[in-house]
>>> print(open('entry.cif').read())   # mmCIF, C-alpha atoms and all ligand atoms
data_my_file
loop_
_atom_site.group_PDB
_atom_site.id
_atom_site.type_symbol
_atom_site.label_atom_id
_atom_site.label_comp_id
_atom_site.auth_asym_id
_atom_site.auth_seq_id
_atom_site.Cartn_x
_atom_site.Cartn_y
_atom_site.Cartn_z
ATOM 1 C CA MET I 229 16.307 212.466 111.098
ATOM 2 C CA SER I 230 14.914 209.079 112.052
ATOM 3 C CA THR I 231 14.694 207.005 108.915
ATOM 4 C CA ALA I 232 16.380 203.867 110.204
ATOM 5 C CA PHE I 233 14.373 200.789 109.368
ATOM 6 C CA ASP I 234 15.529 197.244 110.018
ATOM 7 C CA ALA I 235 15.535 194.862 107.095
ATOM 8 C CA GLY I 236 12.665 192.400 107.368
ATOM 9 C CA ASN I 237 10.322 194.700 109.273
ATOM 10 C CA GLY I 238 8.106 195.311 106.242
ATOM 11 C CA LYS I 239 9.937 198.426 105.101
ATOM 12 C CA ILE I 240 9.919 198.637 101.304
ATOM 13 C CA THR I 241 13.298 199.230 99.710
ATOM 14 C CA VAL I 242 14.577 199.887 96.202
ATOM 15 C CA PRO I 243 15.517 196.183 95.673
ATOM 16 C CA ASP I 244 11.991 195.190 96.790
ATOM 17 C CA ILE I 245 10.526 197.411 94.067
ATOM 18 C CA VAL I 246 12.901 195.998 91.446
ATOM 19 C CA SER I 247 11.896 192.451 92.457
ATOM 20 C CA ARG I 248 8.250 193.290 91.826
ATOM 21 C CA LYS I 249 8.752 193.414 88.047
ATOM 22 C CA THR I 250 5.692 191.519 86.810
ATOM 23 C CA SER I 251 6.976 190.353 83.445
ATOM 24 C CA VAL I 252 10.368 190.163 81.798
ATOM 25 C CA ARG I 253 11.581 189.490 78.276
ATOM 26 C CA SER I 254 10.834 185.964 77.145
ATOM 27 C CA SER I 255 13.769 186.081 74.702
ATOM 28 C CA SER I 256 16.257 185.625 77.555
ATOM 29 C CA ASN I 257 16.454 182.193 79.202
ATOM 30 C CA GLN I 258 17.820 183.722 82.365
ATOM 31 C CA SER I 259 14.932 186.180 82.540
ATOM 32 C CA SER I 260 12.365 183.440 82.049
ATOM 33 C CA ALA I 261 13.944 181.352 84.791
ATOM 34 C CA GLN I 262 13.965 184.343 87.129
ATOM 35 C CA ASP I 263 10.363 185.092 86.226
ATOM 36 C CA ALA I 264 9.231 181.506 86.805
ATOM 37 C CA GLY I 265 10.919 181.469 90.213
ATOM 38 C CA ARG I 266 9.004 184.443 91.507
ATOM 39 C CA GLY I 267 6.288 184.081 94.114
ATOM 40 C CA ASP I 268 2.835 185.663 93.798
ATOM 41 C CA ALA I 269 3.784 188.319 96.334
ATOM 42 C CA GLU I 270 6.596 189.505 94.069
ATOM 43 C CA ARG I 271 4.256 189.699 91.073
ATOM 44 C CA ARG I 272 1.787 192.028 92.780
ATOM 45 C CA LYS I 273 1.446 195.312 90.926
ATOM 46 C CA ILE I 274 3.298 198.212 92.495
ATOM 47 C CA VAL I 275 0.968 200.772 94.079
ATOM 48 C CA CYS I 276 2.201 204.363 94.148
ATOM 49 C CA LEU I 277 0.587 207.613 95.191
ATOM 50 C CA THR I 278 1.752 211.153 95.752
ATOM 51 C CA ALA I 279 1.696 212.877 99.145
ATOM 52 C CA TYR I 280 2.818 216.355 100.069
ATOM 53 C CA ASP I 281 2.419 216.765 103.828
ATOM 54 C CA TYR I 282 2.454 214.842 107.122
ATOM 55 C CA PRO I 283 -1.221 213.803 107.434
ATOM 56 C CA THR I 284 -1.612 212.648 103.821
ATOM 57 C CA ALA I 285 1.763 210.864 104.023
ATOM 58 C CA ARG I 286 0.648 208.957 107.118
ATOM 59 C CA LEU I 287 -2.736 208.028 105.660
ATOM 60 C CA VAL I 288 -1.280 206.869 102.355
ATOM 61 C CA ASP I 289 1.534 204.924 104.035
ATOM 62 C CA GLU I 290 -0.741 203.279 106.601
ATOM 63 C CA ALA I 291 -3.142 202.260 103.803
ATOM 64 C CA GLY I 292 -0.275 200.150 102.442
ATOM 65 C CA VAL I 293 1.021 201.792 99.255
ATOM 66 C CA ASP I 294 4.452 200.673 98.070
ATOM 67 C CA ILE I 295 5.883 204.008 96.941
ATOM 68 C CA VAL I 296 5.075 207.516 98.154
ATOM 69 C CA LEU I 297 6.181 210.171 95.674
ATOM 70 C CA VAL I 298 6.539 213.795 96.687
ATOM 71 C CA GLY I 299 5.731 214.822 93.129
ATOM 72 C CA ASP I 300 6.353 218.265 91.727
ATOM 73 C CA SER I 301 2.579 218.236 91.107
ATOM 74 C CA LEU I 302 2.851 219.754 94.620
ATOM 75 C CA GLY I 303 3.315 223.079 92.830
ATOM 76 C CA MET I 304 -0.107 222.852 91.190
ATOM 77 C CA VAL I 305 -2.348 220.892 93.561
ATOM 78 C CA VAL I 306 -1.089 222.290 96.879
ATOM 79 C CA LEU I 307 0.751 225.554 96.179
ATOM 80 C CA GLY I 308 -1.589 226.847 93.463
ATOM 81 C CA TYR I 309 0.984 227.479 90.699
ATOM 82 C CA GLU I 310 -0.330 227.268 87.144
ATOM 83 C CA ASN I 311 2.156 224.528 86.255
ATOM 84 C CA THR I 312 5.096 222.712 87.856
ATOM 85 C CA LEU I 313 7.814 225.015 86.508
ATOM 86 C CA PRO I 314 8.032 227.674 89.281
ATOM 87 C CA LEU I 315 8.514 225.114 92.083
ATOM 88 C CA THR I 316 11.877 225.493 93.854
ATOM 89 C CA VAL I 317 14.255 223.017 95.482
ATOM 90 C CA GLU I 318 13.596 224.656 98.873
ATOM 91 C CA GLU I 319 9.825 224.182 98.523
ATOM 92 C CA MET I 320 10.290 220.548 97.521
ATOM 93 C CA LEU I 321 12.686 219.926 100.418
ATOM 94 C CA HIS I 322 10.269 221.489 102.917
ATOM 95 C CA HIS I 323 7.415 219.204 101.812
ATOM 96 C CA THR I 324 9.628 216.124 101.483
ATOM 97 C CA ARG I 325 10.697 216.549 105.128
ATOM 98 C CA ALA I 326 7.051 216.688 106.221
ATOM 99 C CA VAL I 327 6.232 213.567 104.202
ATOM 100 C CA ARG I 328 9.316 211.799 105.609
ATOM 101 C CA ARG I 329 7.903 212.275 109.108
ATOM 102 C CA GLY I 330 4.687 210.503 108.045
ATOM 103 C CA VAL I 331 6.064 207.595 105.992
ATOM 104 C CA ARG I 332 7.393 204.523 107.778
ATOM 105 C CA ARG I 333 6.849 201.600 105.417
ATOM 106 C CA ALA I 334 6.679 202.789 101.802
ATOM 107 C CA LEU I 335 9.652 203.758 99.670
ATOM 108 C CA LEU I 336 9.935 207.556 99.692
ATOM 109 C CA VAL I 337 10.795 209.158 96.339
ATOM 110 C CA ALA I 338 11.259 212.908 95.803
ATOM 111 C CA ASP I 339 10.787 214.641 92.459
ATOM 112 C CA MET I 340 13.633 216.858 91.255
ATOM 113 C CA PRO I 341 11.943 220.164 90.345
ATOM 114 C CA TYR I 342 12.448 222.004 87.065
ATOM 115 C CA GLY I 343 15.818 223.771 86.934
ATOM 116 C CA SER I 344 17.426 221.636 89.637
ATOM 117 C CA PHE I 345 19.032 219.201 87.172
ATOM 118 C CA HIS I 346 19.023 221.018 83.835
ATOM 119 C CA GLY I 347 22.388 222.776 84.039
ATOM 120 C CA ASP I 348 25.685 221.595 85.423
ATOM 121 C CA ARG I 349 25.573 217.847 86.219
ATOM 122 C CA ASN I 350 27.657 218.143 89.379
ATOM 123 C CA GLU I 351 25.238 220.737 90.693
ATOM 124 C CA ALA I 352 22.334 218.428 89.799
ATOM 125 C CA VAL I 353 23.924 215.629 91.822
ATOM 126 C CA ARG I 354 24.476 218.040 94.729
ATOM 127 C CA ASN I 355 20.771 218.951 94.572
ATOM 128 C CA ALA I 356 19.779 215.278 94.566
ATOM 129 C CA VAL I 357 22.069 214.628 97.544
ATOM 130 C CA ARG I 358 20.147 217.316 99.460
ATOM 131 C CA PHE I 359 16.911 215.342 99.025
ATOM 132 C CA VAL I 360 18.552 212.271 100.540
ATOM 133 C CA LYS I 361 20.632 213.981 103.213
ATOM 134 C CA GLU I 362 18.397 216.844 104.341
ATOM 135 C CA ALA I 363 14.919 215.468 103.633
ATOM 136 C CA GLY I 364 15.246 211.693 104.029
ATOM 137 C CA ALA I 365 14.274 210.702 100.470
ATOM 138 C CA GLU I 366 15.328 207.186 99.472
ATOM 139 C CA ALA I 367 15.349 207.923 95.737
ATOM 140 C CA VAL I 368 14.768 210.822 93.367
ATOM 141 C CA LYS I 369 12.678 211.052 90.208
ATOM 142 C CA ILE I 370 13.993 212.779 87.098
ATOM 143 C CA GLU I 371 11.997 213.700 84.014
ATOM 144 C CA GLY I 372 13.505 212.954 80.602
ATOM 145 C CA GLY I 373 14.875 210.064 78.555
ATOM 146 C CA GLU I 374 17.967 209.766 76.355
ATOM 147 C CA ARG I 375 19.222 213.228 77.179
ATOM 148 C CA ARG I 376 19.333 212.375 80.911
ATOM 149 C CA MET I 377 21.459 209.241 80.500
ATOM 150 C CA GLU I 378 24.747 210.649 81.797
ATOM 151 C CA LEU I 379 23.016 212.449 84.637
ATOM 152 C CA ILE I 380 21.157 209.340 85.807
ATOM 153 C CA ALA I 381 24.388 207.327 85.651
ATOM 154 C CA GLN I 382 26.187 209.992 87.686
ATOM 155 C CA MET I 383 23.462 209.976 90.339
ATOM 156 C CA VAL I 384 23.504 206.191 90.581
ATOM 157 C CA GLU I 385 27.308 206.445 90.939
ATOM 158 C CA ALA I 386 26.676 208.799 93.882
ATOM 159 C CA GLU I 387 24.487 206.078 95.518
ATOM 160 C CA ILE I 388 21.206 207.827 94.727
ATOM 161 C CA PRO I 389 18.568 205.484 93.290
ATOM 162 C CA VAL I 390 16.786 207.133 90.363
ATOM 163 C CA MET I 391 13.232 206.686 89.094
ATOM 164 C CA GLY I 392 12.970 207.809 85.453
ATOM 165 C CA HIS I 393 9.949 209.570 83.949
ATOM 166 C CA ILE I 394 9.214 209.656 80.211
ATOM 167 C CA GLY I 395 6.292 210.234 77.847
ATOM 168 C CA LEU I 396 4.360 213.357 78.836
ATOM 169 C CA THR I 397 6.877 215.018 81.126
ATOM 170 C CA PRO I 398 5.082 218.105 82.497
ATOM 171 C CA GLN I 399 8.363 220.033 82.883
ATOM 172 C CA SER I 400 8.612 219.924 79.035
ATOM 173 C CA MET I 401 5.161 221.518 78.594
ATOM 174 C CA HIS I 402 6.455 224.459 76.557
ATOM 175 C CA ALA I 403 8.484 222.204 74.267
ATOM 176 C CA PHE I 404 5.447 219.915 73.837
ATOM 177 C CA GLY I 405 3.043 222.830 73.305
ATOM 178 C CA GLY I 406 0.861 221.822 76.272
ATOM 179 C CA PHE I 407 -0.198 218.658 78.059
ATOM 180 C CA ARG I 408 -0.711 216.178 75.216
ATOM 181 C CA VAL I 409 -0.622 212.409 74.952
ATOM 182 C CA GLN I 410 2.845 211.498 73.647
ATOM 183 C CA GLY I 411 4.055 208.711 71.329
ATOM 184 C CA LYS I 412 1.112 208.585 68.935
ATOM 185 C CA THR I 413 3.120 208.467 65.684
ATOM 186 C CA VAL I 414 5.655 205.788 64.704
ATOM 187 C CA GLU I 415 8.540 208.275 65.070
ATOM 188 C CA ALA I 416 7.332 209.561 68.437
ATOM 189 C CA ALA I 417 6.735 206.039 69.752
ATOM 190 C CA GLU I 418 10.228 204.970 68.620
ATOM 191 C CA GLN I 419 11.748 207.950 70.440
ATOM 192 C CA ILE I 420 9.892 206.967 73.623
ATOM 193 C CA LEU I 421 11.191 203.409 73.256
ATOM 194 C CA ARG I 422 14.732 204.775 72.942
ATOM 195 C CA ASP I 423 14.116 206.963 76.002
ATOM 196 C CA ALA I 424 12.944 203.960 78.023
ATOM 197 C CA ARG I 425 15.979 201.873 77.033
ATOM 198 C CA ALA I 426 18.328 204.767 77.806
ATOM 199 C CA VAL I 427 16.867 205.320 81.283
ATOM 200 C CA GLU I 428 17.223 201.610 82.059
ATOM 201 C CA ALA I 429 20.755 201.436 80.636
ATOM 202 C CA ALA I 430 21.753 204.449 82.752
ATOM 203 C CA GLY I 431 20.851 202.508 85.901
ATOM 204 C CA ALA I 432 17.400 203.759 86.956
ATOM 205 C CA PHE I 433 15.560 201.282 89.206
ATOM 206 C CA SER I 434 12.087 202.034 87.796
ATOM 207 C CA ILE I 435 10.447 204.319 85.267
ATOM 208 C CA VAL I 436 7.222 206.328 85.163
ATOM 209 C CA LEU I 437 5.389 206.220 81.814
ATOM 210 C CA GLU I 438 3.001 209.155 81.580
ATOM 211 C CA SER I 439 0.203 209.703 79.043
ATOM 212 C CA ILE I 440 1.286 207.353 76.285
ATOM 213 C CA PRO I 441 -0.819 204.827 74.342
ATOM 214 C CA ARG I 442 -1.485 201.605 76.205
ATOM 215 C CA GLU I 443 0.088 199.485 73.445
ATOM 216 C CA LEU I 444 3.363 201.399 73.637
ATOM 217 C CA ALA I 445 3.463 201.152 77.435
ATOM 218 C CA ALA I 446 2.824 197.392 77.184
ATOM 219 C CA ARG I 447 5.710 197.034 74.725
ATOM 220 C CA ILE I 448 8.072 198.990 76.999
ATOM 221 C CA THR I 449 6.918 196.996 80.026
ATOM 222 C CA SER I 450 7.626 193.689 78.324
ATOM 223 C CA GLU I 451 11.011 194.854 77.091
ATOM 224 C CA LEU I 452 12.497 196.500 80.182
ATOM 225 C CA ARG I 453 13.879 194.623 83.180
ATOM 226 C CA ILE I 454 13.017 197.473 85.536
ATOM 227 C CA PRO I 455 9.408 198.026 86.655
ATOM 228 C CA THR I 456 7.273 200.504 84.731
ATOM 229 C CA ILE I 457 4.886 202.689 86.717
ATOM 230 C CA GLY I 458 2.023 203.960 84.585
ATOM 231 C CA ILE I 459 -0.043 207.119 84.779
ATOM 232 C CA GLY I 460 -2.341 207.335 81.778
ATOM 233 C CA ALA I 461 -0.376 204.463 80.214
ATOM 234 C CA GLY I 462 -2.823 201.560 80.495
ATOM 235 C CA PRO I 463 -3.071 198.505 82.733
ATOM 236 C CA GLU I 464 -0.101 196.464 81.481
ATOM 237 C CA CYS I 465 2.466 198.516 83.427
ATOM 238 C CA ASP I 466 4.104 196.876 86.458
ATOM 239 C CA GLY I 467 2.548 199.483 88.726
ATOM 240 C CA GLN I 468 0.323 202.545 88.736
ATOM 241 C CA ILE I 469 0.599 206.020 90.190
ATOM 242 C CA LEU I 470 -1.960 208.800 90.596
ATOM 243 C CA VAL I 471 -1.870 212.286 92.041
ATOM 244 C CA LEU I 472 -3.538 211.896 95.451
ATOM 245 C CA HIS I 473 -5.506 215.138 95.214
ATOM 246 C CA ASP I 474 -6.987 214.075 91.849
ATOM 247 C CA MET I 475 -8.113 210.668 93.106
ATOM 248 C CA ILE I 476 -9.693 211.999 96.315
ATOM 249 C CA GLY I 477 -11.436 214.952 94.659
ATOM 250 C CA LEU I 478 -9.282 217.680 96.183
ATOM 251 C CA SER I 479 -7.782 219.128 92.982
ATOM 252 C CA LEU I 480 -9.396 222.396 92.072
ATOM 253 C CA GLY I 481 -8.210 222.455 88.448
ATOM 254 C CA HIS I 482 -8.712 220.114 85.515
ATOM 255 C CA THR I 483 -8.252 216.405 86.244
ATOM 256 C CA PRO I 484 -7.048 214.235 83.370
ATOM 257 C CA LYS I 485 -9.163 211.449 81.832
ATOM 258 C CA PHE I 486 -6.914 208.724 83.251
ATOM 259 C CA SER I 487 -7.434 209.771 86.865
ATOM 260 C CA ARG I 488 -10.203 207.841 88.642
ATOM 261 C CA ARG I 489 -11.951 209.591 91.544
ATOM 262 C CA TYR I 490 -12.313 207.400 94.641
ATOM 263 C CA ALA I 491 -13.637 210.039 97.064
ATOM 264 C CA ASN I 492 -14.934 213.590 97.102
ATOM 265 C CA VAL I 493 -12.924 215.163 99.874
ATOM 266 C CA GLY I 494 -13.294 218.651 98.388
ATOM 267 C CA GLU I 495 -17.092 218.409 98.701
ATOM 268 C CA ALA I 496 -16.801 216.976 102.233
ATOM 269 C CA ILE I 497 -14.623 219.959 103.275
ATOM 270 C CA SER I 498 -17.070 222.452 101.721
ATOM 271 C CA HIS I 499 -20.055 220.865 103.526
ATOM 272 C CA ALA I 500 -18.190 220.807 106.840
ATOM 273 C CA VAL I 501 -17.111 224.461 106.586
ATOM 274 C CA THR I 502 -20.617 225.633 105.577
ATOM 275 C CA ALA I 503 -22.191 223.738 108.488
ATOM 276 C CA TYR I 504 -19.613 225.172 110.926
ATOM 277 C CA ALA I 505 -20.214 228.734 109.676
ATOM 278 C CA GLU I 506 -23.992 228.334 110.120
ATOM 279 C CA ASP I 507 -23.554 226.893 113.626
ATOM 280 C CA VAL I 508 -21.321 229.811 114.681
ATOM 281 C CA GLN I 509 -23.698 232.377 113.193
ATOM 282 C CA GLN I 510 -26.752 230.763 114.826
ATOM 283 C CA GLY I 511 -25.050 230.378 118.218
ATOM 284 C CA ARG I 512 -25.178 226.569 118.020
ATOM 285 C CA PHE I 513 -21.396 226.242 118.283
ATOM 286 C CA PRO I 514 -19.857 225.750 120.763
ATOM 287 C CA ALA I 515 -22.353 223.766 122.866
ATOM 288 C CA ASP I 516 -22.044 223.443 126.638
ATOM 289 C CA GLU I 517 -20.297 220.054 126.321
ATOM 290 C CA GLU I 518 -17.689 221.694 124.080
ATOM 291 C CA SER I 519 -16.926 224.280 126.805
ATOM 292 C CA TYR I 520 -14.698 224.103 129.899
ATOM 293 C CA HIS I 521 -16.175 224.720 133.369
ATOM 294 C CA LEU I 522 -14.958 226.120 136.655
ATOM 295 C CA SER I 523 -15.237 223.943 139.752
ATOM 296 C CA SER I 524 -18.235 224.918 141.908
ATOM 297 C CA GLN I 525 -15.851 226.299 144.567
ATOM 298 C CA VAL I 526 -14.052 228.614 142.178
ATOM 299 C CA ARG I 527 -17.304 229.544 140.509
ATOM 300 C CA GLU I 528 -18.856 230.608 143.793
ATOM 301 C CA ARG I 529 -15.868 232.712 144.775
ATOM 302 C CA LEU I 530 -15.414 234.238 141.364
ATOM 303 C CA LEU I 531 -19.009 234.873 140.534
ATOM 304 C CA ALA I 532 -20.430 235.690 143.966
ATOM 305 C CA PRO I 533 -21.736 239.297 144.172
ATOM 306 C CA ARG I 534 -18.975 241.564 145.566
ATOM 307 C CA ARG I 535 -19.626 243.313 148.867
ATOM 308 C CA GLY I 536 -18.840 246.965 149.580
HETATM 309 O O1 LIG D 601 4.573 215.198 90.008
HETATM 310 C C1 LIG D 601 3.940 214.141 90.034
HETATM 311 O O2 LIG D 601 2.994 213.960 90.813
HETATM 312 C C2 LIG D 601 4.345 213.098 89.101
HETATM 313 C C3 LIG D 601 3.518 211.850 89.024
HETATM 314 C C4 LIG D 601 2.188 212.126 88.509
HETATM 315 C C5 LIG D 601 4.203 210.789 88.255
HETATM 316 O O3 LIG D 601 5.311 213.257 88.422
#
>>> encode(input="entry.cif", output="structure tokens", more="lines below")
Ligand code: KIV
Amino acid sequence: MSTAFDAGNGKITVPDIVSRKTSVRSSSNQSSAQDAGRGDAERRKIVCLTAYDYPTARLVDEAGVDIVLVGDSLGMVVLGYENTLPLTVEEMLHHTRAVRRGVRRALLVADMPYGSFHGDRNEAVRNAVRFVKEAGAEAVKIEGGERRMELIAQMVEAEIPVMGHIGLTPQSMHAFGGFRVQGKTVEAAEQILRDARAVEAAGAFSIVLESIPRELAARITSELRIPTIGIGAGPECDGQILVLHDMIGLSLGHTPKFSRRYANVGEAISHAVTAYAEDVQQGRFPADEESYHLSSQVRERLLAPRRG
């Protein structure tokens, strides 16, 4: 698999993402000095999007995003499952390989699907290794906070950079009783703070904060040294991520309030297919210029009336 990029050629790496932390604790002199020494380029917010196949991976990468995530939202927006739980490691690997072929510049992160890291930790690390070795991922994402500490540390020990994911973790939908904003009470917000600290302490290089109040996300962002990537977590996060199909109008189910629609690709596809069907039915497609022709010599020989 060709994933060899030379340093300095614009390829975004895990240390590049870490260096893009926009704000760090003011209580530490060292942090403030580091912060003051950063250039504007390093302070730019981190732009992340999901992609699930070769063409979307290429388009998203060439548009200049920093991180491409093969999210397990794949299960819902592309494979038509009701939620993310049925998605398998093999399905995720298949799509991660396709995305790998389309991404040259961005950091490629693969989501660990439900069940692939919930049992034996050694098996979880073996599963994560498959994403790096067989599919070309440069990091994996793992849902969960405090209770994933040892696992994250073990993955980092195995040279696999880990992106954490806390708040509304869709793989916990049954435990949460649905898709609800998390961290709205003092106790719940304190647990999310503990989760964030645990993920950082375990060695994750960044953390997704999903569907939590803006104020809580801002507090976590100012406290952690690793970048926070928000989705439904307000504008103070160090970066933002959206599900591609939601933001281009290609999701057929419910889209959450935090997702902004930048295009209506679903409508464009419907119009194109309806127009094509009408053209075929009316004999307007294909036109002569969309057809191949014989040379006049061959035409004469082939189509001349046969004698005898
Ligand atoms: O699966 C996914 O797409 C995600 C992002 C929305 C963070 O986990």
>>> atom_distance(input="entry.cif", atom1="CA of Ile459 (chain I)", atom2="CA of Arg488 (chain I)")
10.9 Å
>>> resolve_selection(input="entry.cif", expression="the PyMOL selection byres (((not hetatm)) within 7 of (chain D and resi 601))", output="JSON, numbers by chain")
{"I": [278, 297, 298, 299, 300, 301, 302, 339, 436, 438, 459, 469, 470, 471]}
>>> residues_near_point(input="entry.cif", point="(4.9, 208.1, 99.8)", cutoff="9 Å", atoms="only C-alpha atoms", output="PyMOL selection string")
chain I and resi 276-280+284-286+288-289+293-298+327-328+330-331+333-338
>>> atom_distance(input="entry.cif", atom1="CA of Val275 (chain I)", atom2="CA of Ala416 (chain I)")
27.8 Å
>>> residues_around(input="entry.cif", residues="region 351-353 of chain I", least_positions_apart="6", cutoff="12 Å", atoms="only C-alpha atoms", output="PyMOL selection string")
chain I and resi 317+340-345+359-361+368+370+376+378-390
>>> axis_aligned_box(input="entry.cif", around="region 431-445 of chain I", padding_each_side="5 Å", output="AutoDock Vina command-line options")
--center_x 9.7 --center_y 204.6 --center_z 81.3 --size_x 32.3 --size_y 20.2 --size_z 25.8
>>> closest_residue(input="entry.cif", among="I:Glu464, I:Asp507, I:Asp244, I:Glu451", to="Glu428 (chain I)", atoms="all atoms listed in the file")
I:Glu451
>>> atom_distance(input="entry.cif", atom1="CA of Glu374 (chain I)", atom2="CA of Val427 (chain I)")
6.7 Å
>>> closest_residue(input="entry.cif", among="I:Ala432, I:Leu313, I:Ala426, I:Val409", to="Val246 (chain I)", atoms="all atoms listed in the file")
I:Ala432
>>> decode(input="entry.cif", residues="region 463-470 of chain I", atoms="all heavy atoms", output="compact mmCIF listing (two decimals), in the first residue's frame")
# COMPACT_ATOMS: atom_id res chain seq x y z
N PRO I 463 -18.47 26.54 19.31
CA PRO I 463 -17.37 27.05 18.49
C PRO I 463 -16.02 27.17 19.20
O PRO I 463 -15.02 27.49 18.56
CB PRO I 463 -17.86 28.45 18.08
CG PRO I 463 -18.79 28.85 19.16
CD PRO I 463 -19.40 27.61 19.72
N GLU I 464 -15.97 26.95 20.52
CA GLU I 464 -14.69 27.15 21.20
C GLU I 464 -13.71 25.99 21.02
O GLU I 464 -12.54 26.10 21.38
CB GLU I 464 -14.92 27.40 22.70
CG GLU I 464 -15.41 28.81 23.03
CD GLU I 464 -16.90 28.97 22.84
OE1 GLU I 464 -17.60 27.95 22.66
OE2 GLU I 464 -17.39 30.12 22.86
N CYS I 465 -14.19 24.87 20.50
CA CYS I 465 -13.29 23.70 20.33
C CYS I 465 -12.15 24.06 19.39
O CYS I 465 -12.25 25.00 18.58
CB CYS I 465 -14.08 22.53 19.74
SG CYS I 465 -15.39 21.97 20.83
N ASP I 466 -11.06 23.28 19.46
CA ASP I 466 -9.89 23.56 18.60
C ASP I 466 -10.16 23.21 17.14
O ASP I 466 -9.43 23.66 16.25
CB ASP I 466 -8.69 22.77 19.11
CG ASP I 466 -8.33 23.16 20.54
OD1 ASP I 466 -8.07 24.35 20.77
OD2 ASP I 466 -8.35 22.28 21.43
N GLY I 467 -11.15 22.38 16.91
CA GLY I 467 -11.50 22.02 15.54
C GLY I 467 -12.95 21.58 15.49
O GLY I 467 -13.62 21.51 16.52
N GLN I 468 -13.42 21.31 14.29
CA GLN I 468 -14.81 20.87 14.11
C GLN I 468 -14.83 19.68 13.17
O GLN I 468 -14.00 19.58 12.27
CB GLN I 468 -15.67 22.00 13.50
CG GLN I 468 -15.81 23.23 14.37
CD GLN I 468 -16.65 23.01 15.62
OE1 GLN I 468 -17.59 22.20 15.62
NE2 GLN I 468 -16.33 23.72 16.69
N ILE I 469 -15.81 18.81 13.39
CA ILE I 469 -16.03 17.71 12.45
C ILE I 469 -17.52 17.60 12.16
O ILE I 469 -18.34 17.90 13.02
CB ILE I 469 -15.48 16.36 12.99
CG1 ILE I 469 -15.65 15.24 11.95
CG2 ILE I 469 -16.13 15.93 14.31
CD1 ILE I 469 -14.77 14.03 12.17
N LEU I 470 -17.85 17.23 10.92
CA LEU I 470 -19.23 16.91 10.56
C LEU I 470 -19.23 15.63 9.75
O LEU I 470 -18.20 15.23 9.18
CB LEU I 470 -19.85 18.04 9.72
CG LEU I 470 -20.31 19.31 10.46
CD1 LEU I 470 -20.87 20.32 9.46
CD2 LEU I 470 -21.35 18.99 11.54
